[in-house]
Structures are given as structure tokens and as C-alpha cells.
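Before any comments, here is the structure.
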Amino acid sequence: MNEFDLQSLTGLLRRQRFTIAVTVIAVLGLVILVLSQIPSRYSATTLVMIDPREQRLVSLDNVTPAPPNIGAVDGEVEIMASPVIARRVIARLNLQDDEEFNRPDLLTQIAAGLWPAAVDGSEGQAQPGQPLPPRVERRIIDRLARRVDIARRGVTSIIAIEASSRDPDKAARIANAYAQAYIEDQIASRLRLVANAERVLASRVTDLGEELRRAEAELDRFTLEQAMERMGEDGRNRLVSLRTALEEDIAARTDALARLRTLEPLVQDADTTGIARALAGGESDALTEERREIERQLSAGRLPPARVTALRTRIAAIDARIVALGRARTEELQRAADASEQRAQQVRRDLDMLVNTSDLPADASVQLYKLREEVAANRALYQNYLGRLRQVSQQRGLVLADSRIVAEAMAAVRPSFPPTLPILVASLFLAFGAGFGIAWVRDTFGRGFLKADEVEEATGLDVVASLPQVESARAAVPVQDKVVREPGSGYAEAIRRLRLGLDILMSAGEGEAGGKVVLVTSTKPGEGKSVTAVALGRAAALAGRRTLLIDCDLRKPSVHRLLKVDVKTGLVDILADRATTAHVNDVRVIDPLSDMSAFISGDAQFFPAESILDSARFRALLEGCRKAFDVIILDAPPLAVVSDPLLLAVYADVVLYVVHWKTTTQREVLQSLKELRRVKGETVYVALNGVAAASGEGSYYPYAAKGRKPGGSA
């Protein structure tokens, strides 16, 4: 940044410091007000580690353990964020009764207030013991999902569950509840998988048992038939005895297995009621009756807490004893089934020995071999599936989740939202930026020009001179008189510079071709264009130039007041063709302080100014004046008020556009110049009037304390 830019920036900040300060205070105040109205929220995070290896049931096939599946962690994130887990959390924490999550939205509240019948009853709270209405449940789940963020930590197997709430303890409870609900859902899904596998395997074992019994019955029948055909009377009696024993063993084994299949699931589920019903008698009935009596005592109430605790402990002991009885009964039934199976196998071996000692035909031997192989195959398959069924059944108490909580959420001390300090810091920068932007706009478009360079840059026109500010209220000499009475003042020096600049600009032609007519105008009233026109005319007259000042501001003339002359007949009376015998020389006055001539406007309120300024008489007057004078100054009205300057610009050789320092906005100047430049092109020049000495725009050093009137003494 160069020196000029730094100086401009410093000046901008100095001029618009109040605007910047107000903007900063307003923005920060608004941000603080908004922050004070935003409810604070607290965050809590629970970390859950996922085992990426695929867990299987006890192998149904001989396969190696599955390799780690890193991509499964992303799937677990989706499961955690599912509505299934959200429902578990809602039920666990009773969020349906929490106003933060089960609050009707604003539109529903307005509708309920205006027209209660239009609001569905499902929008209200759920009744105790009743399921949530679908719309209410959906609303709670959506609000809960917006308060919970579940994401994987980098490429690790750790999932972060971050919950937010107005209550820090509630935020921690929600995060922990999500983790617990996810682990419970994982265990429940595995239990369902075990139950499904158990059901499928049990059905398959039942079918294979039927196939085995059918094959064994067929083998037994064929063996007995072959033996009966080839045995004597004694052999037949023995065969009948063996067949009877075999049938009894098979029936005993079938009965024991049926009871075992009924009792075993009850024992695994610790279903004391079902176990007692299956055992039906003996110690189990006594324990059941004792348990009922204890429950009656508890339901009666009015018991000391110690007694209640003792009774509940006794109930737990009774339940454990019933389960133990059931487990012992299952072991007994299993032993009975195994014993029956062993006896049946022994009988079959005895039958085989009898058959093997007899002389069987070839076709009977082949058939016997086939039946024996079929039985062996069915038995091996049955034993295989039976072992798998037992392994799967044993997993009911061994099911574990693939995840574990590595860090439980704790209540936060400070709120996580809104982030007050970052917002305030960002708002401070934003406020300064907005303040500087508003200041720049105001300084650029909402204020006047402060330097000649700004005028030239904005308008593209040359600034001929910068006229210093004169405190006319305190000055003993009027501003327009300083050129004569105080020729050493800064203002007089600036006017002489202006006159010399205009002389140079109009000296391009020779003789009659040289420029003579200067049109002086401004944007709006009060910019000092008439004072400048009078002072410029006097400076030209003091320089020995034949000078004429014509007051062309027909609506609000001021030249006669500045010159302190009074005439009864004005230029309007002659140009408007009024009934008068006055000649043009009759309206001509001589400046009392110089040799400058002036035409006073007169009263034109009953005549349109356009008809006078655009008349042939006015053009003829200017042509005659060009021959009689060296410099002709036309004091025109402000351009933003009337269009007269556009008519007068046609007669002028040079247009002097007076812009008041700091007060006339740049927008007004640019808009007025846009119209003027359509008429005069590039012969428009600017004088910056009323420049304060502190602005540094030009320096004027008077060479005398007081001026000296021509012809007078110092």
C-alpha cells in the first residue's frame, strides 16, 4: 500500500469513525441478544468399540474363522442410527413424557389454539400403558435423531455416539442409552439367530430320528423274518423274546427322548413354571406350592422391608432349586435314553449273530447288508445333527455382543452450543467489515468530494482550482469582495488561479475565434456558484480584461445583491418584449469595486425562462457582447433544479461547474454532469469550492496581512 492509499484509508476511518463504531456496536449487540435467546445445549459422548470379525454360531461346517471385516463398522453405524435403536432409547428413558422431545410443533400449537377440532388427537401425549401413536413416535424419533450424532472415529473400530440436550445429565443418559440399546439389540438379534438355528436343527433331528427308526424297524423286521424261517422251535422262542425286549427298549428310548425334548428348552430358559409342570410331582410340586404361598404373602403387603427381602431371596432359591431339579431330570432322561439305546443295540447284535450262523441265500444277504448300511448312515447323520443341535442350544447362555462400551458419557460442565466465543470473535470481524463497508459506501456515494483527485477520478473532468473555505459570518469583508479588498488572501489567490486556468483553456483561438463565454453553474443551490462568478469577473476586470457578467438565473437572481446595486429595469424587461422604452445600456451596471460590467436579470416570474434564454434576442445580445467584451460570464441556475443551464451551455465556450467541498454528494454531481456533458462534451471543467484548510487540499499563504485597494494606500 502506497502513501496515498494509506492516507486515504486513514482519512476514511477518521471521517467515518462514528459510522464504524455504531455499526460494530449494533452488530455485536444484535449477536449478543440472539445468543441470549438461544437455549444452551450440552453434549456428551459415548465410545463403543466394534469387533470387526464376523461372529458365527458354533460351526455347522468345518470352516476357518472369518477374517476381520473393517467395512462392517460402517454398517454398525447405520444400525445405531436406525429407528429400531431410537425406539429402544425412547422406551428406556421415557422420552415420550419429555417436553424437549414430545412437544407439538409451532403450527400444531397455533392450530390447536385457533381450532381445536382440526387437530388430530394423536398429536397429544400417549396414555399410560398404551403404545405411542405413529405420528407422535415419528416426531420423537426425528427430534432425537437431530440431537444425536453417530460417527466412526477415523479408520478405527470405535464409534462415537454424541448426544446433545438442554440438560447435561440428560445428554449423558441419552448417549449411554444408545450404546446400551445397540448392545442389547445385538444380543437379541443373536438370540433370535440361535433360536432360528435351533428350530431348524430340531426339525431336522426329528426328521432324521424318524428316518432312523424306520430304517431300524425295517432291519429288525427283515432280520427276524430271516431268522424265524431258519430256526427251530427253541430258536423261535428266543427270537420272540429278543423281539419283545427290543420293542420295549425302543419304546423306552422314544419316551425318554420325547420327555427330554420337552424339558430341555425349559431348563435352558429357566422357565420354573414349565419345569414344575413337566416334572409334575414330588419335590417340584412342594416347591411350587411354597413359592405360591410366598407370592401371596408379598401381594398382601404391609410387610417390613427386611421380611420382603428375605421372601424374595427365598423365591430366588426356590427357582434355582426347580431349575436344578429340571436339569437333574434331563440328565436322568438322557441316561435312560442312552441305556435303552445300548440295550437295543445289544439285542440287535444278538439277532445279527443268530442270522449270521444261519445259511442265508445270496439275495437275502445282499438285502440284509443294504439295510444295515442304511441304518448306519442314518444313525451317523442323526448323531451329527443331534450334536450340532446340542451345541447351538448351549449357546443360549453364551451369546455375547460383538461390541463393548470403552468410555461412558459423562455430564458436560460447559455448553457445547452455541459456541459463544467463536461467534463473538467472528461477529467482531464481521462487524468491522460491515462497518468499514458502510463507511466506504457513505464516504464514496453518500458524501461530497474531499479532494480534487477524487473529483477528477469520479467525473473524468479536470479541476481548474480549489477555492478555500471562508467563514463569511466572521469575515469583515464579504467573500466576493476579497479579490478586491484582500488581494493577498488565500481566496483571492485561488480565484486568480481559476481565472488564469480558464484563460489558458479559452486561448486556443485567435481574435474572434478565441473563447470568451464562460458558463458558471452548479448542482444545487448554496454551492457558491454566483459568488464564484462575481469573484471571477472581478479578477478578470482587475487584470485589464473587458469583462461582462450576465445574471442568467432568471428565477432566483442574486448578482445585484452581491454587487450591492439596485436597478428598476432588468434584462428580462428587454428580452421579454415588455412595453418599455429602455435600451440594453439602461440595464447595464458597473461594479463599484472594479471595472466589470453586469447585466441584472430583473423579474421573470411571469415569463417562462426557456422562452427568454432560447430566444433570438438573447442570441443577438450575446453576439453583440462578444464584440464588445473580452470575457463574458453567464451566471446560470443550478443544474439539478432547472434545465436552463443546458440551454445556456450552447452559447458558452467553457463551462465551469462549481462543486462544494464535502456537502454535495457524488451521486448528485455525477447525475447532473451526465446531462451537461451530452451538450458540451469535454469543455466542462470543475472548481472545488469551500475546501477546508485542515483537509490539506492546497495551501494558500497570503503575502499581506490585508489587501490594498487599487489606487488606495496600503
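In the C-alpha cells, chains take the letters A, B, ... in the order shown, each chain's residues start at 1, and ligands count up from 1 in the order shown.
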Filtered DSSP result for stretch 130-369 of chain A, state strand (DSSP E), as a PyMOL selection string: chain A and resi 148-152+158-165
List as a tab-separated table every residue of stretch 296-394 of chain A that is in contact with stretch 244-248 of chain A, defined as an atom at most 10 Å from one of its atoms (using only C-alpha atoms), together with the nearest atom pair and the distance in Å rounded to one decimal, sorted by chain and then rising number.
```
residue	atom	partner	partner_atom	distance
A:Ser340	CA	A:Glu248	CA	8.5
A:Glu341	CA	A:Leu246	CA	9.5
A:Arg343	CA	A:Leu246	CA	7.7
A:Ala344	CA	A:Leu246	CA	5.3
A:Gln345	CA	A:Leu246	CA	8.5
A:Gln346	CA	A:Leu246	CA	9.0
A:Val347	CA	A:Leu246	CA	6.2
A:Arg348	CA	A:Leu246	CA	7.8
```
Written file, previous selection with N, CA and C atoms, as a compact mmCIF listing (two decimals), in the first residue's frame:
```
# COMPACT_ATOMS: atom_id res chain seq x y z
N SER A 340 -31.41 -97.38 27.16
CA SER A 340 -32.33 -98.09 26.27
C SER A 340 -31.70 -98.31 24.91
N GLU A 341 -30.96 -97.30 24.44
CA GLU A 341 -30.29 -97.43 23.16
C GLU A 341 -29.24 -98.51 23.22
N ARG A 343 -29.20 -101.18 25.23
CA ARG A 343 -29.85 -102.48 25.29
C ARG A 343 -30.39 -102.88 23.93
N ALA A 344 -30.98 -101.89 23.22
CA ALA A 344 -31.49 -102.20 21.89
C ALA A 344 -30.37 -102.61 20.95
N GLN A 345 -29.23 -101.94 21.06
CA GLN A 345 -28.10 -102.31 20.21
C GLN A 345 -27.60 -103.72 20.54
N GLN A 346 -27.62 -104.06 21.83
CA GLN A 346 -27.20 -105.41 22.22
C GLN A 346 -28.14 -106.46 21.66
N VAL A 347 -29.43 -106.19 21.71
CA VAL A 347 -30.40 -107.13 21.13
C VAL A 347 -30.16 -107.28 19.64
N ARG A 348 -29.86 -106.17 18.97
CA ARG A 348 -29.61 -106.25 17.53
C ARG A 348 -28.34 -107.06 17.25
```
List as a ChimeraX atom specification the protein and nucleic acid residues near A:Thr262, meaning an atom at most 12 Å away when only C-alpha atoms are counted, but skip any in the same chain fewer than 2 places from it. /A:202,255-260,264-268,271,274-275,277-279,326,329-330,333
Those selected residues, please, written with N, CA and C atoms and delivered as a PDB file, in the first residue's frame.
```pdb
ATOM      1  N   ALA A 202     -33.676 -78.688  15.203  1.00  0.00           N
ATOM      2  CA  ALA A 202     -34.585 -79.590  15.907  1.00  0.00           C
ATOM      3  C   ALA A 202     -35.526 -80.282  14.937  1.00  0.00           C
ATOM      4  N   ASP A 255     -39.753 -92.672  24.531  1.00  0.00           N
ATOM      5  CA  ASP A 255     -40.429 -91.907  25.580  1.00  0.00           C
ATOM      6  C   ASP A 255     -39.452 -90.984  26.306  1.00  0.00           C
ATOM      7  N   ALA A 256     -38.259 -91.516  26.614  1.00  0.00           N
ATOM      8  CA  ALA A 256     -37.266 -90.683  27.309  1.00  0.00           C
ATOM      9  C   ALA A 256     -36.845 -89.494  26.457  1.00  0.00           C
ATOM     10  N   LEU A 257     -36.636 -89.729  25.150  1.00  0.00           N
ATOM     11  CA  LEU A 257     -36.235 -88.621  24.262  1.00  0.00           C
ATOM     12  C   LEU A 257     -37.355 -87.589  24.126  1.00  0.00           C
ATOM     13  N   ALA A 258     -38.609 -88.034  24.072  1.00  0.00           N
ATOM     14  CA  ALA A 258     -39.726 -87.099  23.956  1.00  0.00           C
ATOM     15  C   ALA A 258     -39.792 -86.198  25.186  1.00  0.00           C
ATOM     16  N   ARG A 259     -39.658 -86.814  26.388  1.00  0.00           N
ATOM     17  CA  ARG A 259     -39.668 -86.007  27.601  1.00  0.00           C
ATOM     18  C   ARG A 259     -38.455 -85.073  27.649  1.00  0.00           C
ATOM     19  N   LEU A 260     -37.312 -85.593  27.178  1.00  0.00           N
ATOM     20  CA  LEU A 260     -36.101 -84.763  27.177  1.00  0.00           C
ATOM     21  C   LEU A 260     -36.265 -83.552  26.265  1.00  0.00           C
ATOM     22  N   GLU A 264     -35.845 -80.004  28.124  1.00  0.00           N
ATOM     23  CA  GLU A 264     -34.541 -79.358  27.924  1.00  0.00           C
ATOM     24  C   GLU A 264     -34.658 -77.864  27.603  1.00  0.00           C
ATOM     25  N   PRO A 265     -35.527 -77.391  26.673  1.00  0.00           N
ATOM     26  CA  PRO A 265     -35.651 -75.944  26.425  1.00  0.00           C
ATOM     27  C   PRO A 265     -36.129 -75.171  27.652  1.00  0.00           C
ATOM     28  N   LEU A 266     -37.006 -75.824  28.475  1.00  0.00           N
ATOM     29  CA  LEU A 266     -37.484 -75.142  29.676  1.00  0.00           C
ATOM     30  C   LEU A 266     -36.344 -74.909  30.656  1.00  0.00           C
ATOM     31  N   VAL A 267     -35.454 -75.873  30.761  1.00  0.00           N
ATOM     32  CA  VAL A 267     -34.307 -75.724  31.654  1.00  0.00           C
ATOM     33  C   VAL A 267     -33.364 -74.647  31.132  1.00  0.00           C
ATOM     34  N   GLN A 268     -33.136 -74.627  29.846  1.00  0.00           N
ATOM     35  CA  GLN A 268     -32.236 -73.620  29.276  1.00  0.00           C
ATOM     36  C   GLN A 268     -32.794 -72.209  29.454  1.00  0.00           C
ATOM     37  N   ASP A 271     -37.356 -71.618  32.854  1.00  0.00           N
ATOM     38  CA  ASP A 271     -38.805 -71.457  32.993  1.00  0.00           C
ATOM     39  C   ASP A 271     -39.279 -72.339  34.138  1.00  0.00           C
ATOM     40  N   GLY A 274     -42.857 -73.918  33.741  1.00  0.00           N
ATOM     41  CA  GLY A 274     -42.886 -75.028  32.796  1.00  0.00           C
ATOM     42  C   GLY A 274     -42.164 -76.251  33.330  1.00  0.00           C
ATOM     43  N   ILE A 275     -41.039 -76.034  34.024  1.00  0.00           N
ATOM     44  CA  ILE A 275     -40.288 -77.168  34.586  1.00  0.00           C
ATOM     45  C   ILE A 275     -41.135 -77.890  35.616  1.00  0.00           C
ATOM     46  N   ARG A 277     -44.349 -77.956  35.826  1.00  0.00           N
ATOM     47  CA  ARG A 277     -45.439 -78.656  35.154  1.00  0.00           C
ATOM     48  C   ARG A 277     -44.936 -79.924  34.484  1.00  0.00           C
ATOM     49  N   ALA A 278     -43.725 -79.883  33.931  1.00  0.00           N
ATOM     50  CA  ALA A 278     -43.182 -81.071  33.265  1.00  0.00           C
ATOM     51  C   ALA A 278     -42.792 -82.150  34.262  1.00  0.00           C
ATOM     52  N   LEU A 279     -42.267 -81.741  35.412  1.00  0.00           N
ATOM     53  CA  LEU A 279     -41.872 -82.727  36.419  1.00  0.00           C
ATOM     54  C   LEU A 279     -43.106 -83.341  37.087  1.00  0.00           C
ATOM     55  N   GLY A 326     -34.953 -79.670  37.325  1.00  0.00           N
ATOM     56  CA  GLY A 326     -35.158 -79.892  35.898  1.00  0.00           C
ATOM     57  C   GLY A 326     -33.897 -80.352  35.203  1.00  0.00           C
ATOM     58  N   ARG A 329     -33.326 -83.874  36.063  1.00  0.00           N
ATOM     59  CA  ARG A 329     -34.264 -84.743  35.338  1.00  0.00           C
ATOM     60  C   ARG A 329     -33.838 -84.916  33.891  1.00  0.00           C
ATOM     61  N   THR A 330     -33.339 -83.882  33.269  1.00  0.00           N
ATOM     62  CA  THR A 330     -32.867 -84.022  31.888  1.00  0.00           C
ATOM     63  C   THR A 330     -31.687 -84.969  31.811  1.00  0.00           C
ATOM     64  N   LEU A 333     -33.129 -88.449  32.182  1.00  0.00           N
ATOM     65  CA  LEU A 333     -33.769 -88.900  30.943  1.00  0.00           C
ATOM     66  C   LEU A 333     -32.745 -89.226  29.866  1.00  0.00           C
TER      67      LEU A 333
END
```
Fewer than 3 positions away in the same chain doesn't count, so skip those; otherwise give me all residues within 9 Å of A:Val518, counting only C-alpha atoms, as a PDB file with all heavy atoms, in the first residue's frame.
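Saved file out-v4.pdb follows:
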```pdb
ATOM      1  N   LEU A 502      -8.762  29.341 -16.732  1.00  0.00           N
ATOM      2  CA  LEU A 502      -9.781  29.492 -17.764  1.00  0.00           C
ATOM      3  C   LEU A 502      -9.247  30.260 -18.968  1.00  0.00           C
ATOM      4  O   LEU A 502      -9.611  29.974 -20.119  1.00  0.00           O
ATOM      5  CB  LEU A 502     -11.008  30.192 -17.179  1.00  0.00           C
ATOM      6  CG  LEU A 502     -11.782  29.393 -16.112  1.00  0.00           C
ATOM      7  CD1 LEU A 502     -12.934  30.233 -15.565  1.00  0.00           C
ATOM      8  CD2 LEU A 502     -12.316  28.093 -16.700  1.00  0.00           C
ATOM      9  N   GLY A 515     -12.037  31.843 -27.260  1.00  0.00           N
ATOM     10  CA  GLY A 515     -13.146  31.668 -26.360  1.00  0.00           C
ATOM     11  C   GLY A 515     -13.330  32.875 -25.465  1.00  0.00           C
ATOM     12  O   GLY A 515     -12.362  33.457 -24.962  1.00  0.00           O
ATOM     13  N   VAL A 631     -14.217  38.998 -21.916  1.00  0.00           N
ATOM     14  CA  VAL A 631     -14.682  37.860 -21.112  1.00  0.00           C
ATOM     15  C   VAL A 631     -16.143  38.081 -20.776  1.00  0.00           C
ATOM     16  O   VAL A 631     -16.515  39.162 -20.305  1.00  0.00           O
ATOM     17  CB  VAL A 631     -13.865  37.702 -19.806  1.00  0.00           C
ATOM     18  CG1 VAL A 631     -14.417  36.553 -18.961  1.00  0.00           C
ATOM     19  CG2 VAL A 631     -12.402  37.482 -20.117  1.00  0.00           C
ATOM     20  N   ILE A 632     -16.955  37.059 -21.045  1.00  0.00           N
ATOM     21  CA  ILE A 632     -18.384  37.115 -20.728  1.00  0.00           C
ATOM     22  C   ILE A 632     -18.676  35.941 -19.790  1.00  0.00           C
ATOM     23  O   ILE A 632     -18.418  34.780 -20.117  1.00  0.00           O
ATOM     24  CB  ILE A 632     -19.246  37.008 -21.996  1.00  0.00           C
ATOM     25  CG1 ILE A 632     -18.891  38.148 -22.976  1.00  0.00           C
ATOM     26  CG2 ILE A 632     -20.730  37.041 -21.624  1.00  0.00           C
ATOM     27  CD1 ILE A 632     -19.567  38.015 -24.321  1.00  0.00           C
ATOM     28  N   ILE A 633     -19.223  36.250 -18.613  1.00  0.00           N
ATOM     29  CA  ILE A 633     -19.517  35.214 -17.612  1.00  0.00           C
ATOM     30  C   ILE A 633     -21.021  35.116 -17.457  1.00  0.00           C
ATOM     31  O   ILE A 633     -21.690  36.120 -17.172  1.00  0.00           O
ATOM     32  CB  ILE A 633     -18.860  35.544 -16.267  1.00  0.00           C
ATOM     33  CG1 ILE A 633     -17.336  35.631 -16.432  1.00  0.00           C
ATOM     34  CG2 ILE A 633     -19.222  34.491 -15.215  1.00  0.00           C
ATOM     35  CD1 ILE A 633     -16.622  36.081 -15.184  1.00  0.00           C
ATOM     36  N   LEU A 634     -21.570  33.900 -17.692  1.00  0.00           N
ATOM     37  CA  LEU A 634     -23.003  33.652 -17.554  1.00  0.00           C
ATOM     38  C   LEU A 634     -23.245  32.946 -16.219  1.00  0.00           C
ATOM     39  O   LEU A 634     -22.793  31.813 -16.010  1.00  0.00           O
ATOM     40  CB  LEU A 634     -23.511  32.780 -18.704  1.00  0.00           C
ATOM     41  CG  LEU A 634     -23.221  33.278 -20.128  1.00  0.00           C
ATOM     42  CD1 LEU A 634     -23.786  32.307 -21.156  1.00  0.00           C
ATOM     43  CD2 LEU A 634     -23.797  34.678 -20.338  1.00  0.00           C
ATOM     44  N   ASP A 635     -23.940  33.617 -15.322  1.00  0.00           N
ATOM     45  CA  ASP A 635     -24.278  33.013 -14.028  1.00  0.00           C
ATOM     46  C   ASP A 635     -25.596  32.264 -14.192  1.00  0.00           C
ATOM     47  O   ASP A 635     -26.675  32.862 -14.172  1.00  0.00           O
ATOM     48  CB  ASP A 635     -24.396  34.100 -12.962  1.00  0.00           C
ATOM     49  CG  ASP A 635     -24.748  33.507 -11.600  1.00  0.00           C
ATOM     50  OD1 ASP A 635     -24.463  32.301 -11.383  1.00  0.00           O
ATOM     51  OD2 ASP A 635     -25.311  34.226 -10.756  1.00  0.00           O
ATOM     52  N   ALA A 649     -25.650  26.383 -22.064  1.00  0.00           N
ATOM     53  CA  ALA A 649     -24.377  25.750 -22.403  1.00  0.00           C
ATOM     54  C   ALA A 649     -24.095  25.804 -23.898  1.00  0.00           C
ATOM     55  O   ALA A 649     -22.931  25.751 -24.324  1.00  0.00           O
ATOM     56  CB  ALA A 649     -24.375  24.295 -21.920  1.00  0.00           C
ATOM     57  N   TYR A 651     -24.340  28.368 -25.748  1.00  0.00           N
ATOM     58  CA  TYR A 651     -23.681  29.631 -26.064  1.00  0.00           C
ATOM     59  C   TYR A 651     -22.285  29.725 -25.461  1.00  0.00           C
ATOM     60  O   TYR A 651     -21.503  30.595 -25.850  1.00  0.00           O
ATOM     61  CB  TYR A 651     -24.523  30.811 -25.532  1.00  0.00           C
ATOM     62  CG  TYR A 651     -25.972  30.756 -25.930  1.00  0.00           C
ATOM     63  CD1 TYR A 651     -26.977  30.720 -24.962  1.00  0.00           C
ATOM     64  CD2 TYR A 651     -26.353  30.749 -27.269  1.00  0.00           C
ATOM     65  CE1 TYR A 651     -28.312  30.686 -25.306  1.00  0.00           C
ATOM     66  CE2 TYR A 651     -27.692  30.701 -27.626  1.00  0.00           C
ATOM     67  CZ  TYR A 651     -28.661  30.663 -26.649  1.00  0.00           C
ATOM     68  OH  TYR A 651     -29.980  30.617 -26.997  1.00  0.00           O
ATOM     69  N   ALA A 652     -21.967  28.886 -24.525  1.00  0.00           N
ATOM     70  CA  ALA A 652     -20.706  29.014 -23.780  1.00  0.00           C
ATOM     71  C   ALA A 652     -19.569  28.326 -24.508  1.00  0.00           C
ATOM     72  O   ALA A 652     -19.752  27.323 -25.211  1.00  0.00           O
ATOM     73  CB  ALA A 652     -20.864  28.434 -22.378  1.00  0.00           C
ATOM     74  N   ASP A 653     -18.379  28.880 -24.338  1.00  0.00           N
ATOM     75  CA  ASP A 653     -17.170  28.231 -24.850  1.00  0.00           C
ATOM     76  C   ASP A 653     -16.605  27.271 -23.803  1.00  0.00           C
ATOM     77  O   ASP A 653     -16.007  26.250 -24.144  1.00  0.00           O
ATOM     78  CB  ASP A 653     -16.115  29.291 -25.195  1.00  0.00           C
ATOM     79  CG  ASP A 653     -16.619  30.253 -26.262  1.00  0.00           C
ATOM     80  OD1 ASP A 653     -17.110  29.765 -27.296  1.00  0.00           O
ATOM     81  OD2 ASP A 653     -16.533  31.475 -26.040  1.00  0.00           O
ATOM     82  N   VAL A 654     -16.777  27.618 -22.548  1.00  0.00           N
ATOM     83  CA  VAL A 654     -16.292  26.790 -21.445  1.00  0.00           C
ATOM     84  C   VAL A 654     -17.366  26.791 -20.353  1.00  0.00           C
ATOM     85  O   VAL A 654     -17.982  27.829 -20.089  1.00  0.00           O
ATOM     86  CB  VAL A 654     -14.957  27.316 -20.874  1.00  0.00           C
ATOM     87  CG1 VAL A 654     -14.586  26.563 -19.595  1.00  0.00           C
ATOM     88  CG2 VAL A 654     -13.849  27.172 -21.893  1.00  0.00           C
ATOM     89  N   VAL A 655     -17.573  25.640 -19.735  1.00  0.00           N
ATOM     90  CA  VAL A 655     -18.498  25.519 -18.616  1.00  0.00           C
ATOM     91  C   VAL A 655     -17.680  25.289 -17.356  1.00  0.00           C
ATOM     92  O   VAL A 655     -16.868  24.360 -17.280  1.00  0.00           O
ATOM     93  CB  VAL A 655     -19.491  24.359 -18.828  1.00  0.00           C
ATOM     94  CG1 VAL A 655     -20.374  24.192 -17.586  1.00  0.00           C
ATOM     95  CG2 VAL A 655     -20.347  24.604 -20.062  1.00  0.00           C
ATOM     96  N   LEU A 656     -17.898  26.152 -16.368  1.00  0.00           N
ATOM     97  CA  LEU A 656     -17.252  25.993 -15.071  1.00  0.00           C
ATOM     98  C   LEU A 656     -18.294  25.426 -14.101  1.00  0.00           C
ATOM     99  O   LEU A 656     -19.267  26.092 -13.761  1.00  0.00           O
ATOM    100  CB  LEU A 656     -16.720  27.336 -14.552  1.00  0.00           C
ATOM    101  CG  LEU A 656     -16.025  27.269 -13.183  1.00  0.00           C
ATOM    102  CD1 LEU A 656     -14.779  26.390 -13.249  1.00  0.00           C
ATOM    103  CD2 LEU A 656     -15.668  28.671 -12.695  1.00  0.00           C
TER     104      LEU A 656
END
```
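Among the candidate residues A:Thr665, A:Asn689, A:Asn585, A:Ser203, the one lying nearest to A:Tyr385 is A:Ser203, with distances computed using only C-alpha atoms.
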Using only C-alpha atoms, which protein or nucleic acid residues come within 8 Å of A:Ile174? Drop anything in the same chain fewer than 5 positions from it, and give the result as number ranges by chain. A: 89, 93, 163
What separation in Å, quoted to one decimal, exists between atom CA of A:Ala337 and atom CA of A:Ala380?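 Result for atom CA of A:Ala337 versus atom CA of A:Ala380: 17.0 Å, one decimal.
Checking A:Gly209, A:Ala188, A:Ala598, A:Ala197 one by one against A:Asn384, counting only C-alpha atoms, you find the shortest gap at A:Gly209.
Atom pair atom CA of A:Asp553 / atom CA of A:Asp573: separated by 14.4 Å.
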Would you mind listing what lies within 12 Å of A:Ile79 as a ChimeraX atom specification, with only C-alpha atoms counted and same-chain residues fewer than 3 positions away left out? /A:72-76,82-86,150-151,159,178-179,181-183,185-186,189
Saved selection, atoms kept: C-alpha atoms, as an mmCIF file, in the first residue's frame:
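Written out: selection28.cif:
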```cif
data_model
loop_
_atom_site.group_PDB
_atom_site.id
_atom_site.type_symbol
_atom_site.label_atom_id
_atom_site.label_comp_id
_atom_site.auth_asym_id
_atom_site.auth_seq_id
_atom_site.Cartn_x
_atom_site.Cartn_y
_atom_site.Cartn_z
ATOM 1 C CA ALA A 72 -18.772 -53.854 8.732
ATOM 2 C CA VAL A 73 -18.081 -50.994 11.162
ATOM 3 C CA ASP A 74 -19.790 -48.539 8.803
ATOM 4 C CA GLY A 75 -22.779 -50.864 8.706
ATOM 5 C CA GLU A 76 -22.926 -50.866 12.501
ATOM 6 C CA SER A 82 -31.772 -46.690 12.857
ATOM 7 C CA PRO A 83 -35.284 -46.091 14.244
ATOM 8 C CA VAL A 84 -35.126 -49.516 15.935
ATOM 9 C CA ILE A 85 -32.425 -48.327 18.353
ATOM 10 C CA ALA A 86 -34.187 -44.974 18.754
ATOM 11 C CA ILE A 150 -23.167 -41.186 15.415
ATOM 12 C CA ALA A 151 -19.892 -41.382 13.503
ATOM 13 C CA ILE A 159 -17.876 -45.438 17.070
ATOM 14 C CA TYR A 178 -27.937 -45.507 22.719
ATOM 15 C CA ALA A 179 -24.862 -47.641 23.405
ATOM 16 C CA ALA A 181 -29.721 -50.256 23.372
ATOM 17 C CA TYR A 182 -27.384 -51.097 20.498
ATOM 18 C CA ILE A 183 -25.637 -53.836 22.510
ATOM 19 C CA ASP A 185 -30.292 -55.233 20.144
ATOM 20 C CA GLN A 186 -27.147 -57.028 19.009
ATOM 21 C CA SER A 189 -30.563 -60.479 17.222
#
```
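Using only C-alpha atoms, the protein and nucleic acid residues lying no more than 12 Å from A:Asp285, apart from those fewer than 3 places from it along its own chain, are Thr272, Thr273, Gly274, Ile275, Ala276, Arg277, Ala278, Leu279, Ala280, Gly281, Gly282, Thr288, Glu289, Glu290, Arg291, Arg292, Ile318, Arg321, Ile322 and Leu325 of chain A.
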Restricting to only C-alpha atoms, whichever of A:Arg307, A:Lys170, A:Arg388, A:Arg17 is closest to A:Leu201 is A:Arg388
Mind giving me the straight-line distance from atom CA of A:Ala362 to atom CA of A:Leu381 in Å, one decimal?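 One can read the atom CA of A:Ala362 to atom CA of A:Leu381 distance as 28.8 Å.
Counting only C-alpha atoms, the residue from A:Leu303, A:Leu467, A:Leu13, A:Ile90 that sits nearest to A:Ala693 is A:Leu467.
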Smallest atom-to-atom distance to A:Val399: which of A:Leu191, A:Leu428, A:Asp363, A:Arg379, using only C-alpha atoms?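 Checking each candidate against A:Val399, we get A:Leu191 as the closest.
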